[in-house]
Amino acid sequence: MAKTRSYKAQKVIEGLRRKVTRQMMLSLSACVHCGLCTDQCHYVLTNPGDPTYAPAYKADRIRKLFKAHVDWTGRVFPWWVGARSLYTDQELEELKDVVFGKCTNCRRCSFNCPMGVDLATFNRMARGLLVSVGIMPEGVALVTKDQWEVGNQMGVLQEEYLETLAWMEEELQSEYNDPSIKIPIDKMDCEIVYTINPREVKYDPRTIAEAAAIFHFAGENWTMPSLGWDMTNFGLFNGDDEFGGAVARRVYDAVEELRGKKLVMSECGHGYRSTRCEGPNWSRSDIHFEMESSVITMLRYIQQGRIKVDKTRNTQAVTFHDSCNNARSCGLFEEPRELLNLVCTDFREMYPNRAENYCCTGGGGAMSMAEYTPQRLRSAKVKAEQLKATGAKIVVTSCHNCVDGLFDLIRHYKLDMQVKQLVNLVASALVAPEKPPS
Ligand code: SF4
Ligand code: SF4
């Protein structure tokens with residue numbers, strides 16, 4: 001007798017047939033089970049003896065479904081190719097614990113697979129299928145709702161955002177005793193439209209002031225938008241391309257309405273990847289302006305002599321954590337290092353680094369999934385050991401998500417270390433031009 005299938009399981013299977021792309025098909029079919037990816041994953045390294053954390057095992061949860069419903073081999077020889085379907089909501093819940101709770105989509109295993117299998121891509125697809133039937137961690141549902149309904153991930157109201165900008169403008173004017181320093185809002189025809197992570201408004205407004213000081217002393221013609229200012233995008237984490245496209249479109253619309261020439265994004269790995277690399281596809285948009293990370297903007301200002309910095313103001317030992325999204329997925333490896341060497345005196349690499357770096361363990365939206373915190377912190381031991389071996393007192397990263405992930409593991413593993421971003425170090429090294437005597 002044919003097994004009955006729950007309504008949600010049926011919808012997930014229908015969605016799978018629609019969502020699998022040719023690239024994913026190749027990736028799903030290519031695994032030869034060589035096991036080379038196993039030791040690349042921070043979850044495996046911290047859960048020895050538990051095969052359920054191995055990338056190939058996790059990928060097989062999705063591959064079995066693909067074989068059962070999409071690939072012809074599974075229809076002809078289901079037992080041979082390991083095809084297996086899903087029938088119950090309980091099985092969907094178990095899949096949720098794998099795709100949200102045991103993988104941060106960091107892509108370290110993908111980079112080390114000789115067959116080019118990109119687990120993170122189909123792990124994200126599986127997240128999207130579960131989200132489409134309402135199966136997801138509660139935190140993912142809450143953040144998605146805030147970004148959709150309020151317009152940003154942290155539910156920051158527009159008044160709160162504008163008041164914070166005004167407050168930071170006042171702080172800057174008093175710090176530099178210069179009333180000409182402004183944080184312009186909705187100025188038309190600027191060279192740069194600057195967008196941020198809502199975490200900056202909520203928990204770290206000083207980064208907004210620091211960026212504003214850098215733009216001011218560089219003599220930049222810049223502005224921040226009153227709407228469409230959140231460059232983060234939870235679509236990367238919840239696997240919903242349509243949601244991701246709508247969120248990215250808000251930022252693109254803000255730049256187009258202000259006729260900005262370039263969109264500059266503050267230091268946020270997933271925001272940068274979503275807005276610059278994935279958003280144009282998700283939103284099916286032709287983009288007519290440039291997009292860059294503020295890391296590149298700050299480096300250019302120093303190289304072109306538009307701002308002066310004094311690296312002797314940052315003498316503590318500093319190491320750098322590559323955000324998975326900035327580095328592995330967007331190739332932003334060298335610019336942060338060039339910048340660090342210009343603004344601090346003791347920069348030391350952590351090993352491994354660049355494309356081989358380990359995730360902060362808060363990636364893939366993991367910081368919003370409280371139910372998986374114990375296993376996240378256990379997996380963070382790898383990162384804690386990497387950090388400790390540098391002997392640095394400051395770990396710098398170009399990602400707000402990584403700031404939270406690193407802060408949490410530093411506290412958990414009792415490391416004597418602070419977390420900073422590049423903007424903090426550039427601002428503290430910034431030499432303001434002398435004002436002519438009045
Ligand atoms: S390295 Fe690639 S081919 Fe080998 S087991 Fe992992 S995913 Fe499969
Ligand atoms: S993407 Fe990262 S977290 Fe996920 S299985 Fe691969 S190495 Fe592990």
# chains A, B, ... in the order shown; residues from 1 in each chain; ligands from 1
>>> residues_around(residues="Lys67 (chain A)", least_positions_apart="3", cutoff="12 Å", atoms="only C-alpha atoms", output="ChimeraX atom specification")
/A:13,16-17,20,25,28-29,60-64,70-86
>>> residues_near_ligand(ligand="ligand 2", cutoff="7 Å", atoms="only C-alpha atoms and all ligand atoms", output="number ranges by chain")
A: 40-43, 54-55, 58, 102-110, 119-120
>>> write_last_selection(atoms="N, CA, C and O atoms", output="JSON list (two decimals), in the first residue's frame")
[["chain", "number", "residue", "atom", "x", "y", "z"],
["A", 40, "GLN", "N", 36.88, 19.37, 6.85],
["A", 40, "GLN", "CA", 36.86, 20.82, 6.56],
["A", 40, "GLN", "C", 35.81, 21.54, 7.41],
["A", 40, "GLN", "O", 35.80, 22.76, 7.47],
["A", 41, "CYS", "N", 34.91, 20.78, 8.01],
["A", 41, "CYS", "CA", 33.76, 21.39, 8.68],
["A", 41, "CYS", "C", 34.01, 21.54, 10.17],
["A", 41, "CYS", "O", 34.39, 20.58, 10.85],
["A", 42, "HIS", "N", 33.75, 22.76, 10.69],
["A", 42, "HIS", "CA", 34.00, 22.99, 12.12],
["A", 42, "HIS", "C", 33.08, 22.15, 13.00],
["A", 42, "HIS", "O", 33.42, 21.82, 14.13],
["A", 43, "TYR", "N", 31.91, 21.76, 12.49],
["A", 43, "TYR", "CA", 31.03, 20.90, 13.29],
["A", 43, "TYR", "C", 31.63, 19.50, 13.45],
["A", 43, "TYR", "O", 31.53, 18.88, 14.50],
["A", 54, "ALA", "N", 28.96, 15.28, 9.25],
["A", 54, "ALA", "CA", 29.81, 15.29, 8.05],
["A", 54, "ALA", "C", 29.09, 15.95, 6.88],
["A", 54, "ALA", "O", 27.90, 15.68, 6.66],
["A", 55, "PRO", "N", 29.78, 16.82, 6.14],
["A", 55, "PRO", "CA", 29.11, 17.50, 5.01],
["A", 55, "PRO", "C", 28.43, 16.52, 4.06],
["A", 55, "PRO", "O", 27.29, 16.75, 3.64],
["A", 58, "LYS", "N", 25.21, 15.27, 5.52],
["A", 58, "LYS", "CA", 24.17, 16.31, 5.49],
["A", 58, "LYS", "C", 23.64, 16.48, 4.06],
["A", 58, "LYS", "O", 22.44, 16.59, 3.84],
["A", 102, "LYS", "N", 22.90, 22.35, 11.75],
["A", 102, "LYS", "CA", 24.19, 21.66, 11.64],
["A", 102, "LYS", "C", 25.04, 22.21, 10.51],
["A", 102, "LYS", "O", 26.04, 21.58, 10.13],
["A", 103, "CYS", "N", 24.67, 23.33, 9.95],
["A", 103, "CYS", "CA", 25.46, 23.90, 8.85],
["A", 103, "CYS", "C", 25.25, 25.41, 8.82],
["A", 103, "CYS", "O", 24.11, 25.87, 8.87],
["A", 104, "THR", "N", 26.34, 26.15, 8.78],
["A", 104, "THR", "CA", 26.23, 27.62, 8.70],
["A", 104, "THR", "C", 26.37, 28.11, 7.26],
["A", 104, "THR", "O", 26.57, 29.30, 7.03],
["A", 105, "ASN", "N", 26.30, 27.20, 6.31],
["A", 105, "ASN", "CA", 26.45, 27.56, 4.88],
["A", 105, "ASN", "C", 27.75, 28.30, 4.62],
["A", 105, "ASN", "O", 27.81, 29.21, 3.78],
["A", 106, "CYS", "N", 28.81, 27.93, 5.36],
["A", 106, "CYS", "CA", 30.06, 28.69, 5.28],
["A", 106, "CYS", "C", 30.84, 28.41, 4.00],
["A", 106, "CYS", "O", 31.71, 29.15, 3.61],
["A", 107, "ARG", "N", 30.57, 27.29, 3.34],
["A", 107, "ARG", "CA", 31.18, 26.89, 2.05],
["A", 107, "ARG", "C", 32.64, 26.45, 2.17],
["A", 107, "ARG", "O", 33.33, 26.36, 1.17],
["A", 108, "ARG", "N", 33.10, 26.17, 3.37],
["A", 108, "ARG", "CA", 34.48, 25.68, 3.48],
["A", 108, "ARG", "C", 34.60, 24.29, 2.85],
["A", 108, "ARG", "O", 35.56, 23.98, 2.18],
["A", 109, "CYS", "N", 33.57, 23.46, 3.06],
["A", 109, "CYS", "CA", 33.62, 22.11, 2.46],
["A", 109, "CYS", "C", 33.53, 22.22, 0.93],
["A", 109, "CYS", "O", 34.21, 21.49, 0.21],
["A", 110, "SER", "N", 32.72, 23.17, 0.44],
["A", 110, "SER", "CA", 32.56, 23.32, -1.02],
["A", 110, "SER", "C", 33.91, 23.64, -1.66],
["A", 110, "SER", "O", 34.23, 23.12, -2.73],
["A", 119, "LEU", "N", 27.66, 22.06, -1.21],
["A", 119, "LEU", "CA", 26.61, 21.73, -0.25],
["A", 119, "LEU", "C", 25.84, 22.96, 0.19],
["A", 119, "LEU", "O", 24.62, 22.93, 0.33],
["A", 120, "ALA", "N", 26.57, 24.06, 0.40],
["A", 120, "ALA", "CA", 25.90, 25.25, 0.95],
["A", 120, "ALA", "C", 24.77, 25.72, 0.03],
["A", 120, "ALA", "O", 23.74, 26.20, 0.50]]
>>> residues_near_ligand(ligand="ligand 1", cutoff="9 Å", atoms="only C-alpha atoms and all ligand atoms", output="PyMOL selection string")
chain A and resi 27-28+30-38+54-57+59+109-119
>>> write_last_selection(atoms="N, CA and C atoms", output="PDB file, in the first residue's frame")
ATOM      1  N   SER A  27      25.766  19.360  -9.103  1.00  0.00           N
ATOM      2  CA  SER A  27      26.369  19.307  -7.782  1.00  0.00           C
ATOM      3  C   SER A  27      25.819  18.122  -6.970  1.00  0.00           C
ATOM      4  N   LEU A  28      24.502  17.921  -7.067  1.00  0.00           N
ATOM      5  CA  LEU A  28      23.879  16.834  -6.310  1.00  0.00           C
ATOM      6  C   LEU A  28      24.284  15.451  -6.837  1.00  0.00           C
ATOM      7  N   ALA A  30      27.297  14.826  -8.333  1.00  0.00           N
ATOM      8  CA  ALA A  30      28.747  14.666  -8.522  1.00  0.00           C
ATOM      9  C   ALA A  30      29.471  13.987  -7.362  1.00  0.00           C
ATOM     10  N   CYS A  31      28.870  13.922  -6.187  1.00  0.00           N
ATOM     11  CA  CYS A  31      29.601  13.418  -5.019  1.00  0.00           C
ATOM     12  C   CYS A  31      30.026  11.953  -5.210  1.00  0.00           C
ATOM     13  N   VAL A  32      31.318  11.688  -4.984  1.00  0.00           N
ATOM     14  CA  VAL A  32      31.815  10.308  -5.101  1.00  0.00           C
ATOM     15  C   VAL A  32      32.118   9.718  -3.716  1.00  0.00           C
ATOM     16  N   HIS A  33      31.652  10.422  -2.689  1.00  0.00           N
ATOM     17  CA  HIS A  33      31.820   9.962  -1.305  1.00  0.00           C
ATOM     18  C   HIS A  33      33.279   9.662  -0.958  1.00  0.00           C
ATOM     19  N   CYS A  34      34.154  10.573  -1.389  1.00  0.00           N
ATOM     20  CA  CYS A  34      35.584  10.392  -1.097  1.00  0.00           C
ATOM     21  C   CYS A  34      35.920  10.799   0.341  1.00  0.00           C
ATOM     22  N   GLY A  35      35.063  11.628   0.938  1.00  0.00           N
ATOM     23  CA  GLY A  35      35.268  12.025   2.334  1.00  0.00           C
ATOM     24  C   GLY A  35      36.251  13.159   2.537  1.00  0.00           C
ATOM     25  N   LEU A  36      36.754  13.764   1.432  1.00  0.00           N
ATOM     26  CA  LEU A  36      37.749  14.828   1.596  1.00  0.00           C
ATOM     27  C   LEU A  36      37.166  16.077   2.279  1.00  0.00           C
ATOM     28  N   CYS A  37      35.859  16.229   2.199  1.00  0.00           N
ATOM     29  CA  CYS A  37      35.245  17.421   2.805  1.00  0.00           C
ATOM     30  C   CYS A  37      35.061  17.255   4.318  1.00  0.00           C
ATOM     31  N   THR A  38      35.129  16.044   4.805  1.00  0.00           N
ATOM     32  CA  THR A  38      34.717  15.784   6.191  1.00  0.00           C
ATOM     33  C   THR A  38      35.446  16.672   7.199  1.00  0.00           C
ATOM     34  N   ALA A  54      28.957  15.281   9.250  1.00  0.00           N
ATOM     35  CA  ALA A  54      29.814  15.289   8.050  1.00  0.00           C
ATOM     36  C   ALA A  54      29.089  15.951   6.881  1.00  0.00           C
ATOM     37  N   PRO A  55      29.779  16.825   6.140  1.00  0.00           N
ATOM     38  CA  PRO A  55      29.110  17.499   5.012  1.00  0.00           C
ATOM     39  C   PRO A  55      28.428  16.518   4.062  1.00  0.00           C
ATOM     40  N   ALA A  56      29.101  15.397   3.715  1.00  0.00           N
ATOM     41  CA  ALA A  56      28.493  14.468   2.752  1.00  0.00           C
ATOM     42  C   ALA A  56      27.232  13.820   3.343  1.00  0.00           C
ATOM     43  N   TYR A  57      27.234  13.573   4.655  1.00  0.00           N
ATOM     44  CA  TYR A  57      26.047  12.997   5.300  1.00  0.00           C
ATOM     45  C   TYR A  57      24.883  14.003   5.219  1.00  0.00           C
ATOM     46  N   ALA A  59      24.590  16.469   3.118  1.00  0.00           N
ATOM     47  CA  ALA A  59      24.182  16.612   1.712  1.00  0.00           C
ATOM     48  C   ALA A  59      23.296  15.447   1.285  1.00  0.00           C
ATOM     49  N   CYS A 109      33.571  23.456   3.059  1.00  0.00           N
ATOM     50  CA  CYS A 109      33.615  22.115   2.455  1.00  0.00           C
ATOM     51  C   CYS A 109      33.528  22.224   0.934  1.00  0.00           C
ATOM     52  N   SER A 110      32.719  23.168   0.442  1.00  0.00           N
ATOM     53  CA  SER A 110      32.563  23.323  -1.015  1.00  0.00           C
ATOM     54  C   SER A 110      33.907  23.637  -1.657  1.00  0.00           C
ATOM     55  N   PHE A 111      34.696  24.485  -0.993  1.00  0.00           N
ATOM     56  CA  PHE A 111      35.982  24.895  -1.543  1.00  0.00           C
ATOM     57  C   PHE A 111      36.980  23.746  -1.573  1.00  0.00           C
ATOM     58  N   ASN A 112      36.751  22.744  -0.758  1.00  0.00           N
ATOM     59  CA  ASN A 112      37.715  21.661  -0.664  1.00  0.00           C
ATOM     60  C   ASN A 112      37.212  20.362  -1.281  1.00  0.00           C
ATOM     61  N   CYS A 113      36.173  20.459  -2.090  1.00  0.00           N
ATOM     62  CA  CYS A 113      35.642  19.270  -2.746  1.00  0.00           C
ATOM     63  C   CYS A 113      36.215  19.164  -4.158  1.00  0.00           C
ATOM     64  N   PRO A 114      36.913  18.068  -4.484  1.00  0.00           N
ATOM     65  CA  PRO A 114      37.504  17.956  -5.826  1.00  0.00           C
ATOM     66  C   PRO A 114      36.452  17.856  -6.930  1.00  0.00           C
ATOM     67  N   MET A 115      35.210  17.494  -6.550  1.00  0.00           N
ATOM     68  CA  MET A 115      34.159  17.344  -7.564  1.00  0.00           C
ATOM     69  C   MET A 115      33.302  18.611  -7.683  1.00  0.00           C
ATOM     70  N   GLY A 116      33.640  19.620  -6.918  1.00  0.00           N
ATOM     71  CA  GLY A 116      32.896  20.879  -7.021  1.00  0.00           C
ATOM     72  C   GLY A 116      31.495  20.809  -6.425  1.00  0.00           C
ATOM     73  N   VAL A 117      31.281  19.910  -5.484  1.00  0.00           N
ATOM     74  CA  VAL A 117      29.950  19.821  -4.854  1.00  0.00           C
ATOM     75  C   VAL A 117      29.774  21.000  -3.893  1.00  0.00           C
ATOM     76  N   ASP A 118      28.732  21.776  -4.112  1.00  0.00           N
ATOM     77  CA  ASP A 118      28.528  22.968  -3.289  1.00  0.00           C
ATOM     78  C   ASP A 118      27.352  22.716  -2.338  1.00  0.00           C
ATOM     79  N   LEU A 119      27.664  22.064  -1.212  1.00  0.00           N
ATOM     80  CA  LEU A 119      26.613  21.726  -0.248  1.00  0.00           C
ATOM     81  C   LEU A 119      25.838  22.962   0.189  1.00  0.00           C
TER      82      LEU A 119
END
>>> closest_atom_pairs(of="region 324-359 of chain A", to="region 369-387 of chain A", cutoff="9 Å", atoms="only C-alpha atoms", output="tab-separated table")
residue	atom	partner	partner_atom	distance
A:Met350	CA	A:Gln386	CA	6.4
A:Tyr351	CA	A:Gln386	CA	6.6
A:Pro352	CA	A:Gln386	CA	8.0
A:Tyr358	CA	A:Lys383	CA	6.5
A:Cys359	CA	A:Lys383	CA	7.4
>>> write_last_selection(atoms="N, CA, C and O atoms", output="PDB file, in the first residue's frame")
ATOM      1  N   MET A 350      45.948  34.983  11.288  1.00  0.00           N
ATOM      2  CA  MET A 350      45.608  33.724  11.969  1.00  0.00           C
ATOM      3  C   MET A 350      45.658  32.628  10.904  1.00  0.00           C
ATOM      4  O   MET A 350      45.560  32.904   9.712  1.00  0.00           O
ATOM      5  N   TYR A 351      45.866  31.411  11.327  1.00  0.00           N
ATOM      6  CA  TYR A 351      45.996  30.297  10.378  1.00  0.00           C
ATOM      7  C   TYR A 351      44.986  29.200  10.689  1.00  0.00           C
ATOM      8  O   TYR A 351      44.806  28.901  11.859  1.00  0.00           O
ATOM      9  N   PRO A 352      44.347  28.640   9.662  1.00  0.00           N
ATOM     10  CA  PRO A 352      44.367  29.058   8.266  1.00  0.00           C
ATOM     11  C   PRO A 352      43.593  30.357   8.058  1.00  0.00           C
ATOM     12  O   PRO A 352      42.851  30.786   8.954  1.00  0.00           O
ATOM     13  N   TYR A 358      38.128  29.413   9.055  1.00  0.00           N
ATOM     14  CA  TYR A 358      36.938  28.781   9.624  1.00  0.00           C
ATOM     15  C   TYR A 358      35.876  29.855   9.904  1.00  0.00           C
ATOM     16  O   TYR A 358      36.189  30.993  10.253  1.00  0.00           O
ATOM     17  N   CYS A 359      34.641  29.440   9.790  1.00  0.00           N
ATOM     18  CA  CYS A 359      33.486  30.298  10.084  1.00  0.00           C
ATOM     19  C   CYS A 359      33.571  30.807  11.529  1.00  0.00           C
ATOM     20  O   CYS A 359      34.104  30.121  12.411  1.00  0.00           O
TER      21      CYS A 359
END
>>> closest_atom_pairs(of="region 153-245 of chain A", to="region 133-148 of chain A", cutoff="9 Å", atoms="only C-alpha atoms", output="CSV")
residue,atom,partner,partner_atom,distance
A:Gln153,CA,A:Gln147,CA,4.3
A:Met154,CA,A:Asp146,CA,6.3
A:Gly155,CA,A:Asp146,CA,5.1
A:Val156,CA,A:Asp146,CA,8.7
A:Asp230,CA,A:Gln147,CA,8.9
A:Asn233,CA,A:Gln147,CA,7.9
A:Phe234,CA,A:Thr144,CA,6.3
A:Gly235,CA,A:Thr144,CA,7.9
A:Phe237,CA,A:Val140,CA,8.2
A:Asn238,CA,A:Val140,CA,7.0
A:Phe243,CA,A:Trp148,CA,8.0
>>> residues_around(residues="region 325-330 of chain A", least_positions_apart="6", cutoff="6 Å", atoms="only C-alpha atoms", output="list in words")
Gly269, His270 and Ala355 of chain A
